[in-house]
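What's in work.tsv: TSV, C-alpha atoms
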```
chain	number	residue	atom	x	y	z
A	143	MET	CA	163.08	104.21	94.25
A	144	THR	CA	166.00	106.21	92.88
A	145	PRO	CA	168.10	108.20	95.34
A	146	ASP	CA	166.67	111.44	93.92
A	147	THR	CA	163.05	110.59	94.56
A	148	LYS	CA	163.99	109.28	98.01
A	149	ARG	CA	165.52	112.63	98.86
A	150	GLU	CA	162.31	114.36	97.82
A	151	ARG	CA	160.31	112.19	100.20
A	152	LEU	CA	162.67	112.80	103.12
A	153	ALA	CA	162.11	116.57	102.90
A	154	LEU	CA	165.83	117.15	103.30
A	155	SER	CA	167.37	120.61	103.12
A	156	ARG	CA	170.94	121.21	101.92
A	157	PRO	CA	173.26	123.87	103.31
A	158	VAL	CA	173.83	126.71	100.86
A	159	VAL	CA	174.92	130.32	101.15
A	160	GLY	CA	171.94	132.60	100.77
A	161	ALA	CA	169.35	130.08	102.01
A	162	ALA	CA	167.13	132.98	103.01
A	163	GLY	CA	168.03	135.15	100.02
A	164	LYS	CA	170.23	138.23	100.03
A	165	THR	CA	169.29	139.53	103.46
A	166	GLY	CA	171.20	142.75	102.79
A	167	THR	CA	168.09	144.00	100.98
A	168	TRP	CA	166.31	144.23	104.37
A	169	ARG	CA	168.67	146.93	105.51
A	170	VAL	CA	167.45	150.44	106.32
A	171	PHE	CA	170.70	151.69	107.90
A	172	ARG	CA	174.14	150.74	106.62
A	173	PRO	CA	177.18	150.46	108.94
A	174	VAL	CA	180.04	152.73	107.83
A	175	VAL	CA	183.41	152.18	109.50
A	176	ASP	CA	185.68	155.15	110.22
A	177	LYS	CA	189.10	153.52	109.74
A	178	GLU	CA	190.79	156.43	111.54
A	179	LYS	CA	188.96	155.73	114.81
A	180	CYS	CA	188.96	151.91	114.50
A	181	ASN	CA	191.55	150.12	116.64
A	182	GLU	CA	190.69	146.67	115.22
A	183	CYS	CA	189.53	145.19	118.53
A	184	GLY	CA	187.10	142.96	116.63
A	185	LEU	CA	184.17	143.35	119.03
A	186	CYS	CA	181.88	144.20	116.08
A	187	ALA	CA	182.68	140.84	114.46
A	188	THR	CA	182.26	139.07	117.81
A	189	TYR	CA	178.78	140.46	118.37
A	190	CYS	CA	177.46	140.32	114.78
A	191	PRO	CA	174.53	137.86	114.99
A	192	ASP	CA	174.92	136.86	111.36
A	193	ALA	CA	178.72	136.73	111.12
A	194	ALA	CA	178.55	139.34	108.35
A	195	ILE	CA	181.83	140.95	109.48
A	196	ASP	CA	184.96	139.02	108.50
A	197	ASP	CA	188.44	138.79	110.07
A	198	ASP	CA	189.61	141.92	108.24
A	199	LEU	CA	186.58	143.69	109.73
A	200	ILE	CA	184.98	144.20	106.32
A	201	VAL	CA	181.16	144.22	106.46
A	202	ASP	CA	179.49	141.94	103.92
A	203	LEU	CA	176.80	144.32	102.68
A	204	GLY	CA	175.19	141.57	100.63
A	205	PHE	CA	173.99	139.98	103.87
A	206	CYS	CA	174.27	142.62	106.63
A	207	LYS	CA	170.73	143.17	107.91
A	208	GLY	CA	171.66	146.55	109.37
A	209	CYS	CA	170.72	145.79	112.99
A	210	GLY	CA	173.36	148.22	114.29
A	211	ILE	CA	174.73	146.06	117.13
A	212	CYS	CA	178.26	146.66	115.78
A	213	ALA	CA	177.81	150.44	115.97
A	214	ASN	CA	176.25	150.23	119.43
A	215	GLU	CA	178.97	147.99	120.88
A	216	CYS	CA	182.00	149.67	119.25
A	217	PRO	CA	184.13	151.01	122.15
A	218	LYS	CA	185.71	153.64	119.88
A	219	LYS	CA	182.39	154.71	118.29
A	220	ALA	CA	184.04	154.14	114.92
A	221	ILE	CA	180.92	152.76	113.23
A	222	SER	CA	178.03	154.99	112.25
A	223	MET	CA	174.70	153.88	110.82
A	224	VAL	CA	173.86	155.74	107.62
A	225	ARG	CA	170.41	155.62	106.03
A	226	GLU	CA	170.35	153.66	102.76
A	227	GLU	CA	169.48	155.59	99.62
A	228	LYS	CA	166.26	154.43	98.04
B	80	MET	CA	189.11	129.21	133.59
B	81	ASP	CA	189.40	132.99	133.47
B	82	THR	CA	191.53	133.18	130.34
B	83	ILE	CA	189.86	134.24	127.13
B	84	PRO	CA	189.24	131.03	125.20
B	85	GLU	CA	190.57	130.55	121.71
B	86	ILE	CA	187.39	130.75	119.66
B	87	PRO	CA	187.62	128.99	116.30
B	88	LYS	CA	187.14	131.09	113.19
B	89	GLU	CA	184.93	128.51	111.47
B	90	GLU	CA	181.30	129.48	111.11
B	91	TYR	CA	178.71	126.70	111.05
B	92	ILE	CA	175.90	129.03	110.10
B	93	LEU	CA	176.19	130.14	106.49
B	94	LYS	CA	175.16	133.61	105.46
B	95	CYS	CA	172.47	134.16	106.20
B	96	THR	CA	169.58	132.91	108.32
B	97	SER	CA	166.16	134.48	108.01
B	98	ALA	CA	166.32	135.62	111.65
B	99	CYS	CA	165.17	139.15	112.46
B	100	ALA	CA	167.87	141.85	112.44
B	101	GLY	CA	169.58	141.94	115.81
B	102	CYS	CA	168.46	138.41	116.77
B	103	SER	CA	170.39	137.17	119.76
B	104	ASP	CA	169.32	133.57	119.13
B	105	SER	CA	171.46	133.47	115.98
B	106	LEU	CA	174.28	135.15	117.92
B	107	ALA	CA	174.07	132.49	120.63
B	108	LEU	CA	173.81	129.67	118.12
B	109	ARG	CA	176.95	130.87	116.32
B	110	TYR	CA	178.96	130.34	119.50
B	111	VAL	CA	177.20	127.12	120.48
B	112	LEU	CA	178.19	125.57	117.15
B	113	LYS	CA	181.72	127.00	117.30
B	114	ALA	CA	182.13	125.28	120.67
B	115	ALA	CA	180.53	122.01	119.50
B	116	GLY	CA	182.36	121.72	116.18
B	117	PRO	CA	181.39	119.86	113.00
B	118	ASP	CA	180.63	116.47	114.61
B	119	THR	CA	177.35	117.68	116.04
B	120	VAL	CA	173.66	117.05	115.47
B	121	LEU	CA	171.10	119.64	116.48
B	122	VAL	CA	167.62	118.55	117.46
B	123	VAL	CA	165.28	121.51	117.10
B	124	PRO	CA	161.62	121.53	118.16
B	125	ALA	CA	159.21	124.20	116.99
B	126	CYS	CA	160.83	127.51	117.93
B	127	CYS	CA	162.51	130.45	116.26
B	128	THR	CA	165.48	128.26	115.30
B	129	SER	CA	163.26	126.00	113.20
B	130	VAL	CA	161.99	128.95	111.16
B	131	ILE	CA	165.26	130.85	110.70
B	132	GLN	CA	167.02	128.00	108.86
B	133	GLY	CA	166.07	129.33	105.44
B	134	ILE	CA	163.68	128.35	102.72
B	135	TYR	CA	163.23	124.66	101.84
B	136	PRO	CA	165.11	122.90	100.20
B	137	ASN	CA	167.94	125.14	101.39
B	138	THR	CA	169.25	125.66	104.90
B	139	ALA	CA	171.79	128.07	106.36
B	140	PHE	CA	172.91	125.56	109.00
B	141	ASN	CA	176.04	123.67	108.03
B	142	VAL	CA	175.53	120.90	110.60
B	143	PRO	CA	172.87	118.17	110.55
B	144	VAL	CA	169.62	119.45	112.02
B	145	TYR	CA	166.60	117.34	112.92
B	146	ASN	CA	163.42	119.39	113.12
B	147	ILE	CA	160.81	117.75	115.29
B	148	ALA	CA	157.50	118.43	117.01
B	149	PHE	CA	157.34	120.68	120.05
B	150	ALA	CA	156.99	118.10	122.79
B	151	SER	CA	159.53	115.58	121.54
B	152	ALA	CA	162.94	117.27	121.20
B	153	ALA	CA	164.50	115.61	124.22
B	154	ALA	CA	162.92	112.21	123.47
B	155	CYS	CA	164.33	112.33	119.94
B	156	ALA	CA	167.75	113.51	121.12
B	157	SER	CA	167.74	110.74	123.70
B	158	GLY	CA	167.20	108.05	121.08
B	159	MET	CA	169.71	109.65	118.74
B	160	SER	CA	172.36	109.81	121.43
B	161	ASN	CA	171.83	106.15	122.38
B	162	ALA	CA	172.09	105.12	118.72
B	163	PHE	CA	175.35	107.05	118.27
B	164	ARG	CA	176.87	105.59	121.42
B	165	ALA	CA	175.76	102.06	120.43
B	166	ALA	CA	177.55	102.57	117.10
B	167	GLY	CA	180.64	103.74	118.98
B	168	LYS	CA	180.39	107.34	117.77
B	169	LYS	CA	181.15	110.36	119.92
B	170	THR	CA	178.89	112.74	117.94
B	171	ASN	CA	177.59	115.58	120.10
B	172	VAL	CA	173.81	115.58	120.36
B	173	ILE	CA	172.43	119.00	121.22
B	174	ALA	CA	168.74	119.66	121.75
B	175	TYR	CA	168.33	123.35	121.01
B	176	ALA	CA	164.92	124.54	122.15
B	177	GLY	CA	163.23	127.79	123.04
B	178	ASP	CA	161.65	128.61	126.36
B	179	GLY	CA	158.24	127.40	125.19
B	180	GLY	CA	159.71	124.07	124.09
B	181	THR	CA	161.55	123.70	127.39
B	182	LEU	CA	159.57	125.31	130.19
B	183	ASP	CA	156.08	124.50	128.93
B	184	ILE	CA	155.60	121.98	126.16
B	185	GLY	CA	158.84	119.99	126.14
B	186	ILE	CA	159.29	119.63	129.89
B	187	GLN	CA	158.11	116.03	130.28
B	188	ALA	CA	160.35	114.67	127.51
B	189	MET	CA	163.26	116.68	128.89
B	190	SER	CA	162.68	115.49	132.44
B	191	GLY	CA	162.54	111.91	131.15
B	192	ALA	CA	165.77	112.25	129.22
B	193	PHE	CA	167.54	113.71	132.27
B	194	GLU	CA	166.18	110.96	134.47
B	195	ARG	CA	167.47	108.29	132.05
B	196	GLY	CA	170.92	109.88	132.11
B	197	THR	CA	171.03	110.44	128.35
B	198	ASP	CA	174.43	111.61	127.13
B	199	PHE	CA	173.40	114.90	125.52
B	200	LEU	CA	173.37	118.65	125.95
B	201	TYR	CA	170.03	120.40	126.29
B	202	ILE	CA	170.15	124.11	125.53
B	203	CYS	CA	167.21	126.36	126.26
B	204	TYR	CA	167.52	129.79	124.70
B	205	ASP	CA	165.08	131.94	126.52
B	206	ASN	CA	163.49	134.99	124.91
B	207	GLU	CA	160.81	134.86	127.57
B	208	ALA	CA	157.80	134.27	125.26
B	209	TYR	CA	156.66	132.33	122.17
B	210	GLY	CA	158.66	134.41	119.71
B	211	ASN	CA	158.04	133.03	116.25
B	212	THR	CA	154.25	133.02	116.60
B	213	GLY	CA	154.20	136.67	117.67
B	214	MET	CA	155.08	136.81	121.38
B	215	GLN	CA	152.50	134.94	123.38
B	216	ARG	CA	153.11	134.47	127.09
B	217	SER	CA	155.17	131.44	128.11
B	218	GLY	CA	156.25	130.00	131.44
B	219	GLY	CA	159.46	131.99	130.93
B	220	THR	CA	157.79	135.39	130.68
B	221	PRO	CA	158.72	137.49	133.71
B	222	LEU	CA	156.19	139.13	136.02
B	223	GLY	CA	154.80	142.38	134.64
B	224	ALA	CA	155.86	141.85	131.00
B	225	ARG	CA	153.30	142.60	128.30
B	226	THR	CA	152.82	140.00	125.60
B	227	THR	CA	150.00	139.59	123.09
B	228	THR	CA	148.20	137.28	125.55
B	229	THR	CA	149.00	139.36	128.64
B	230	PRO	CA	148.23	142.86	127.33
B	231	THR	CA	148.23	144.39	130.81
B	232	GLY	CA	151.37	142.62	132.01
B	233	LYS	CA	151.85	139.05	133.20
B	234	THR	CA	150.47	138.41	136.66
B	235	ASP	CA	152.51	135.28	137.37
B	236	ASN	CA	156.19	134.76	138.06
B	237	LYS	CA	158.77	133.24	135.72
B	238	LYS	CA	159.14	129.50	136.16
B	239	ASP	CA	162.47	128.57	137.72
B	240	ILE	CA	163.50	125.90	135.22
B	241	ASP	CA	167.08	125.84	136.55
B	242	ALA	CA	165.82	124.65	139.95
B	243	ILE	CA	163.76	121.96	138.21
B	244	ILE	CA	166.86	120.82	136.31
B	245	ALA	CA	168.96	120.95	139.49
B	246	ALA	CA	166.48	118.55	141.08
B	247	HIS	CA	167.48	115.99	138.40
B	248	ASP	CA	171.06	116.33	139.67
B	249	PRO	CA	172.81	116.44	136.27
B	250	PRO	CA	176.62	116.45	136.16
B	251	TYR	CA	176.67	119.97	134.72
B	252	GLN	CA	174.26	122.83	134.30
B	253	ALA	CA	174.86	126.49	133.58
B	254	THR	CA	173.19	129.74	132.71
B	255	ALA	CA	174.58	132.02	130.03
B	256	CYS	CA	173.60	135.09	128.10
B	257	ALA	CA	173.94	135.86	124.39
B	258	ALA	CA	175.58	139.17	125.33
B	259	TYR	CA	178.59	137.29	126.74
B	260	PRO	CA	179.63	135.04	123.82
B	261	GLN	CA	183.04	134.08	125.26
B	262	ASP	CA	181.41	132.90	128.48
B	263	LEU	CA	178.77	131.01	126.47
B	264	PHE	CA	181.45	129.38	124.30
B	265	LYS	CA	183.37	128.25	127.36
B	266	LYS	CA	180.27	126.78	129.01
B	267	VAL	CA	179.15	124.86	125.92
B	268	ALA	CA	182.66	123.46	125.38
B	269	LYS	CA	182.76	122.41	129.04
B	270	ALA	CA	179.26	120.89	129.01
B	271	LEU	CA	180.19	118.67	126.07
B	272	THR	CA	183.08	117.11	127.98
B	273	PHE	CA	180.70	115.53	130.50
B	274	ARG	CA	179.12	112.13	130.00
B	275	GLY	CA	175.45	112.32	130.85
B	276	PRO	CA	172.78	114.97	130.54
B	277	THR	CA	173.89	118.60	130.72
B	278	PHE	CA	171.83	121.76	130.54
B	279	ILE	CA	172.52	125.36	129.54
B	280	HIS	CA	169.95	128.11	129.89
B	281	ILE	CA	170.71	131.12	127.66
B	282	LEU	CA	168.98	134.47	127.97
B	283	ALA	CA	168.31	135.69	124.43
B	284	PRO	CA	166.96	139.25	124.23
B	285	CYS	CA	164.47	139.61	121.37
B	286	PRO	CA	164.11	143.06	119.68
B	287	PRO	CA	160.58	142.71	118.23
B	288	GLY	CA	159.23	140.80	121.23
B	289	TRP	CA	160.73	142.88	123.99
B	290	ARG	CA	160.04	146.00	121.93
B	291	TYR	CA	163.39	147.74	121.82
B	292	SER	CA	165.39	148.78	118.76
B	293	THR	CA	167.58	146.15	117.08
B	294	GLU	CA	170.99	147.60	117.99
B	295	LYS	CA	170.36	147.12	121.73
B	296	SER	CA	170.32	143.28	121.80
B	297	VAL	CA	173.75	142.91	123.38
B	298	GLU	CA	173.25	145.95	125.62
B	299	MET	CA	169.97	144.49	126.90
B	300	GLY	CA	171.63	141.18	127.78
B	301	LYS	CA	174.34	143.01	129.70
B	302	LEU	CA	171.75	145.12	131.55
B	303	ALA	CA	169.88	141.95	132.53
B	304	VAL	CA	173.03	140.55	134.12
B	305	LYS	CA	174.12	143.86	135.70
B	306	SER	CA	170.71	144.38	137.31
B	307	GLY	CA	170.65	140.85	138.71
B	308	MET	CA	167.53	139.96	136.71
B	309	TRP	CA	169.64	137.24	135.07
B	310	VAL	CA	172.39	135.44	137.00
B	311	LEU	CA	175.32	133.72	135.31
B	312	TYR	CA	176.45	130.61	137.13
B	313	GLU	CA	177.45	126.99	136.62
B	314	ARG	CA	176.75	123.97	138.77
B	315	GLU	CA	179.20	121.11	138.43
B	316	TYR	CA	178.31	117.90	140.29
B	317	GLY	CA	176.19	120.05	142.62
B	318	LYS	CA	178.93	122.60	143.28
B	319	LEU	CA	177.73	126.09	142.38
B	320	THR	CA	180.03	128.80	141.01
B	321	ILE	CA	178.63	132.25	140.28
B	322	GLY	CA	180.22	133.98	137.28
B	323	ALA	CA	182.43	137.05	137.68
B	324	GLN	CA	179.94	139.33	135.89
B	325	SER	CA	177.15	138.30	138.24
B	326	LYS	CA	179.39	138.59	141.32
B	327	ALA	CA	180.01	142.20	140.35
B	328	ALA	CA	176.25	142.65	139.94
B	329	ILE	CA	175.60	141.20	143.41
B	330	LYS	CA	178.09	143.62	144.97
B	331	LYS	CA	176.95	146.68	143.08
B	332	PRO	CA	173.78	146.16	141.01
B	333	ILE	CA	172.47	148.79	138.65
B	334	PRO	CA	168.87	149.92	139.34
B	335	LEU	CA	166.33	147.46	137.93
B	336	GLU	CA	164.56	150.39	136.23
B	337	ASP	CA	167.59	150.81	133.92
B	338	TYR	CA	166.83	147.34	132.55
B	339	LEU	CA	163.04	147.72	132.44
B	340	ALA	CA	162.76	151.25	131.00
B	341	PRO	CA	164.25	150.67	127.50
B	342	GLN	CA	161.88	147.73	126.91
B	343	GLY	CA	158.43	148.36	125.47
B	344	ARG	CA	157.09	145.18	127.11
B	345	PHE	CA	157.51	146.76	130.56
B	346	LYS	CA	155.94	150.07	129.52
B	347	GLY	CA	153.56	151.37	132.17
B	348	ILE	CA	154.53	148.67	134.68
B	349	ASP	CA	152.97	149.21	138.08
B	350	PRO	CA	155.54	150.34	140.77
B	351	LYS	CA	154.20	147.60	143.06
B	352	THR	CA	155.10	144.97	140.46
B	353	VAL	CA	158.60	146.46	140.15
B	354	GLU	CA	158.92	146.17	143.93
B	355	ILE	CA	157.89	142.48	143.80
B	356	LEU	CA	160.42	141.90	141.01
B	357	LYS	CA	163.15	143.54	143.10
B	358	GLN	CA	162.28	141.40	146.11
B	359	ARG	CA	162.38	138.26	144.00
B	360	ILE	CA	165.77	139.22	142.56
B	361	ALA	CA	167.16	139.88	146.06
B	362	LYS	CA	165.77	136.55	147.29
B	363	ASN	CA	167.21	134.66	144.32
B	364	LEU	CA	170.65	136.28	144.69
B	365	ALA	CA	170.69	135.58	148.44
B	366	LYS	CA	169.74	131.93	147.79
B	367	LEU	CA	172.47	131.48	145.17
B	368	THR	CA	175.13	133.25	147.28
B	369	ALA	CA	174.28	131.04	150.26
B	370	GLU	CA	174.39	127.91	148.09
B	371	GLU	CA	177.78	128.91	146.68
B	372	ALA	CA	179.17	129.53	150.17
B	373	ALA	CA	177.85	126.15	151.35
B	374	SER	CA	179.13	124.09	148.41
```

When written as structure tokens, how does the structure in this file appear?
Amino acid sequence: MTPDTKRERLALSRPVVGAAGKTGTWRVFRPVVDKEKCNECGLCATYCPDAAIDDDLIVDLGFCKGCGICANECPKKAISMVREEK
Amino acid sequence: MDTIPEIPKEEYILKCTSACAGCSDSLALRYVLKAAGPDTVLVVPACCTSVIQGIYPNTAFNVPVYNIAFASAAACASGMSNAFRAAGKKTNVIAYAGDGGTLDIGIQAMSGAFERGTDFLYICYDNEAYGNTGMQRSGGTPLGARTTTTPTGKTDNKKDIDAIIAAHDPPYQATACAAYPQDLFKKVAKALTFRGPTFIHILAPCPPGWRYSTEKSVEMGKLAVKSGMWVLYEREYGKLTIGAQSKAAIKKPIPLEDYLAPQGRFKGIDPKTVEILKQRIAKNLAKLTAEEAAS
């Protein structure tokens, strides 16, 4: 048995980015950050379940599912959820 | 232990799992893996975590994961841990199971592994029902909560799995909540320093199952702790320490209704049931406070 066919039989998954597709397409509301109000505390990135907010507090809209936890937990209310255009 | 821990920037879950928006299981798992690091194997029985990994042959989890049948997570982790130790490896073995896989179906294998003194960490993330099959009642469902199999509210109490674990006398056990990721990180990092079986019970609020809107996941976890419905504590070699957040909740709890009202699963709950829940909370808090004072 070649290593390739063996892998098939083991039903082995490999880690890749986008294993569940571009989950950003699920989004109904998009987080919009008001940079004026933001004091860069980073709580949004801490609480993001999918780690879609990076160290520079930029939201990765390709994967953000739009749950809104960031907007709800922001102590400065600097994030608002805006409906996506169709 | 009150300093804010340095949480590593590395993510071991790649973008993005197929978890529901606002899933607190993926939030908890992020911090569990940050605390455990790359030399970790997850053993996952049937639960939400086994379905959120992505679509075969791809996975979003950047650590080795072994998916196994419902009843056998702890048995498998036990064998895996023994094999690693026999080979002289220090690899962390973490069984990561839901409340169904811990409180109901997986309990005998887990009890066995704890009795044998397996060197592993068993994590139960508790969304208080069978989430990925559409919210059927589990042993973890609290009294009065509606699920698809208890449409008028559950008539039985939540099983106290932490007391069952405590009876096995493990070196370390703790409760945590996905709404307090720093606390969770600290507890997982601490649990992995012990040799022998350790247990962490995480409350993981579930937006579709508990019927609240997705942005309230963290808020709901905090309300659970503030109302005393969920108590954060750790028990190290039998010595109990109640967490600061829960101590504040014991001194000055918020009304239980503030926690129940936003959740659709408690809609139309009978005031008598709320009263029973309140009595149970008071009894549990009194028991834990007394145990802490005595230890």

Neighbour list for Ala161 (chain A) as a VMD selection string, cut-off 12 Å, only C-alpha atoms, skip fewer than 6 positions in-chain: (chain A and resid 155 205) or (chain B and resid 92 to 98 130 to 141)

For C-alpha atoms, I'd like the residues from the last selection saved as a JSON list (two decimals), in the frame of the given file.
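Produced file result_16.json, reproduced below:
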```
[["chain", "number", "residue", "atom", "x", "y", "z"],
["A", 155, "SER", "CA", 167.37, 120.61, 103.12],
["A", 205, "PHE", "CA", 173.99, 139.98, 103.87],
["B", 92, "ILE", "CA", 175.90, 129.03, 110.10],
["B", 93, "LEU", "CA", 176.19, 130.14, 106.49],
["B", 94, "LYS", "CA", 175.16, 133.61, 105.46],
["B", 95, "CYS", "CA", 172.47, 134.16, 106.20],
["B", 96, "THR", "CA", 169.58, 132.91, 108.32],
["B", 97, "SER", "CA", 166.16, 134.48, 108.01],
["B", 98, "ALA", "CA", 166.32, 135.62, 111.65],
["B", 130, "VAL", "CA", 161.99, 128.95, 111.16],
["B", 131, "ILE", "CA", 165.26, 130.85, 110.70],
["B", 132, "GLN", "CA", 167.02, 128.00, 108.86],
["B", 133, "GLY", "CA", 166.07, 129.33, 105.44],
["B", 134, "ILE", "CA", 163.68, 128.35, 102.72],
["B", 135, "TYR", "CA", 163.23, 124.66, 101.84],
["B", 136, "PRO", "CA", 165.11, 122.90, 100.20],
["B", 137, "ASN", "CA", 167.94, 125.14, 101.39],
["B", 138, "THR", "CA", 169.25, 125.66, 104.90],
["B", 139, "ALA", "CA", 171.79, 128.07, 106.36],
["B", 140, "PHE", "CA", 172.91, 125.56, 109.00],
["B", 141, "ASN", "CA", 176.04, 123.67, 108.03]]
```

Show me the residues close to (165.1, 139.8, 115.0) - anything with an atom within 10 Å, counting all atoms listed in the file - and format the list as number ranges by chain. A: 191, 207, 209; B: 97-105, 127, 131, 210-211, 284-288, 292-293, 296

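At a cut-off of 9 Å from (170.0, 139.3, 101.1), the residue set is Gly160, Ala162, Gly163, Lys164, Thr165, Gly166, Thr167, Trp168, Arg169, Leu203, Gly204, Phe205, Cys206 and Lys207 of chain A; Lys94 and Cys95 of chain B (counting only C-alpha atoms).
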
Contact residues around Asp239 (chain B) with only C-alpha atoms at 10 Å, ignoring same-chain residues under 2 positions, as an NGL selection string: :B and (182 or 218-219 or 236-237 or 241-244)

Have a look at CA of Lys88 (chain B) and CA of Lys113 (chain B) and let me know their distance in Å, one decimal. 7.9 Å

Using only C-alpha atoms, which of the listed residues (B:Arg290, B:Arg109, B:Lys266, B:Lys238) sits closest to chain A? B:Arg109

Considering only C-alpha atoms, return as number ranges by chain whatever protein or nucleic-acid residues lie within 7 Å of Arg172 (chain A), sequence-local ones (same chain, fewer than 3 positions apart) excluded. A: 169, 208, 223-226

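Residue neighbourhood of Lys169 (chain B), excluding near-sequence residues (fewer than 5 positions): B:Asp118, B:Ser160, B:Phe163, B:Arg164, at 9 Å, using only C-alpha atoms.
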
Excluding Thr231 (chain B) and residues on its chain fewer than 2 positions from it, collect all residues at most 10 Å away from it, counting only C-alpha atoms, and give them as a ChimeraX atom specification. /B:223-229,233-234,344-349

Got time to write the residues from that selection, C-alpha atoms, as a PDB file, in the frame of the given file?
```
ATOM      1  CA  GLY B 223     154.800 142.380 134.640  1.00  0.00           C
ATOM      2  CA  ALA B 224     155.860 141.850 131.000  1.00  0.00           C
ATOM      3  CA  ARG B 225     153.300 142.600 128.300  1.00  0.00           C
ATOM      4  CA  THR B 226     152.820 140.000 125.600  1.00  0.00           C
ATOM      5  CA  THR B 227     150.000 139.590 123.090  1.00  0.00           C
ATOM      6  CA  THR B 228     148.200 137.280 125.550  1.00  0.00           C
ATOM      7  CA  THR B 229     149.000 139.360 128.640  1.00  0.00           C
ATOM      8  CA  LYS B 233     151.850 139.050 133.200  1.00  0.00           C
ATOM      9  CA  THR B 234     150.470 138.410 136.660  1.00  0.00           C
ATOM     10  CA  ARG B 344     157.090 145.180 127.110  1.00  0.00           C
ATOM     11  CA  PHE B 345     157.510 146.760 130.560  1.00  0.00           C
ATOM     12  CA  LYS B 346     155.940 150.070 129.520  1.00  0.00           C
ATOM     13  CA  GLY B 347     153.560 151.370 132.170  1.00  0.00           C
ATOM     14  CA  ILE B 348     154.530 148.670 134.680  1.00  0.00           C
ATOM     15  CA  ASP B 349     152.970 149.210 138.080  1.00  0.00           C
TER      16      ASP B 349
END
```

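As for CA of Gln215 (chain B) and CA of Gly185 (chain B), they are spaced 16.5 Å apart.
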
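Atom pair CA of Tyr209 (chain B) / CA of Ala125 (chain B): separated by 10.0 Å.
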
Any chance you could build region 220-232 of chain B out to N, CA and C atoms and write it as an mmCIF file, in the coordinates of the input?
```cif
data_model
loop_
_atom_site.group_PDB
_atom_site.id
_atom_site.type_symbol
_atom_site.label_atom_id
_atom_site.label_comp_id
_atom_site.auth_asym_id
_atom_site.auth_seq_id
_atom_site.Cartn_x
_atom_site.Cartn_y
_atom_site.Cartn_z
ATOM 1 N N THR B 220 158.041 133.954 130.666
ATOM 2 C CA THR B 220 157.790 135.390 130.680
ATOM 3 C C THR B 220 157.858 135.925 132.108
ATOM 4 N N PRO B 221 158.623 136.986 132.346
ATOM 5 C CA PRO B 221 158.720 137.490 133.710
ATOM 6 C C PRO B 221 157.465 138.253 134.142
ATOM 7 N N LEU B 222 157.323 138.390 135.433
ATOM 8 C CA LEU B 222 156.190 139.130 136.020
ATOM 9 C C LEU B 222 156.154 140.555 135.457
ATOM 10 N N GLY B 223 154.967 140.991 135.065
ATOM 11 C CA GLY B 223 154.800 142.380 134.640
ATOM 12 C C GLY B 223 155.040 142.629 133.156
ATOM 13 N N ALA B 224 155.565 141.632 132.417
ATOM 14 C CA ALA B 224 155.860 141.850 131.000
ATOM 15 C C ALA B 224 154.598 141.733 130.155
ATOM 16 N N ARG B 225 154.439 142.666 129.218
ATOM 17 C CA ARG B 225 153.300 142.600 128.300
ATOM 18 C C ARG B 225 153.640 141.677 127.150
ATOM 19 N N THR B 226 152.707 140.796 126.815
ATOM 20 C CA THR B 226 152.820 140.000 125.600
ATOM 21 C C THR B 226 151.460 140.110 124.925
ATOM 22 N N THR B 227 151.293 139.459 123.770
ATOM 23 C CA THR B 227 150.000 139.590 123.090
ATOM 24 C C THR B 227 148.887 138.907 123.882
ATOM 25 N N THR B 228 149.239 137.935 124.740
ATOM 26 C CA THR B 228 148.200 137.280 125.550
ATOM 27 C C THR B 228 148.157 137.797 126.984
ATOM 28 N N THR B 229 149.074 138.689 127.338
ATOM 29 C CA THR B 229 149.000 139.360 128.640
ATOM 30 C C THR B 229 149.122 140.860 128.381
ATOM 31 N N PRO B 230 148.095 141.464 127.757
ATOM 32 C CA PRO B 230 148.230 142.860 127.330
ATOM 33 C C PRO B 230 148.396 143.859 128.473
ATOM 34 N N THR B 231 148.054 143.463 129.693
ATOM 35 C CA THR B 231 148.230 144.390 130.810
ATOM 36 C C THR B 231 149.405 143.983 131.699
ATOM 37 N N GLY B 232 150.218 143.077 131.221
ATOM 38 C CA GLY B 232 151.370 142.620 132.010
ATOM 39 C C GLY B 232 151.061 141.276 132.636
#
```
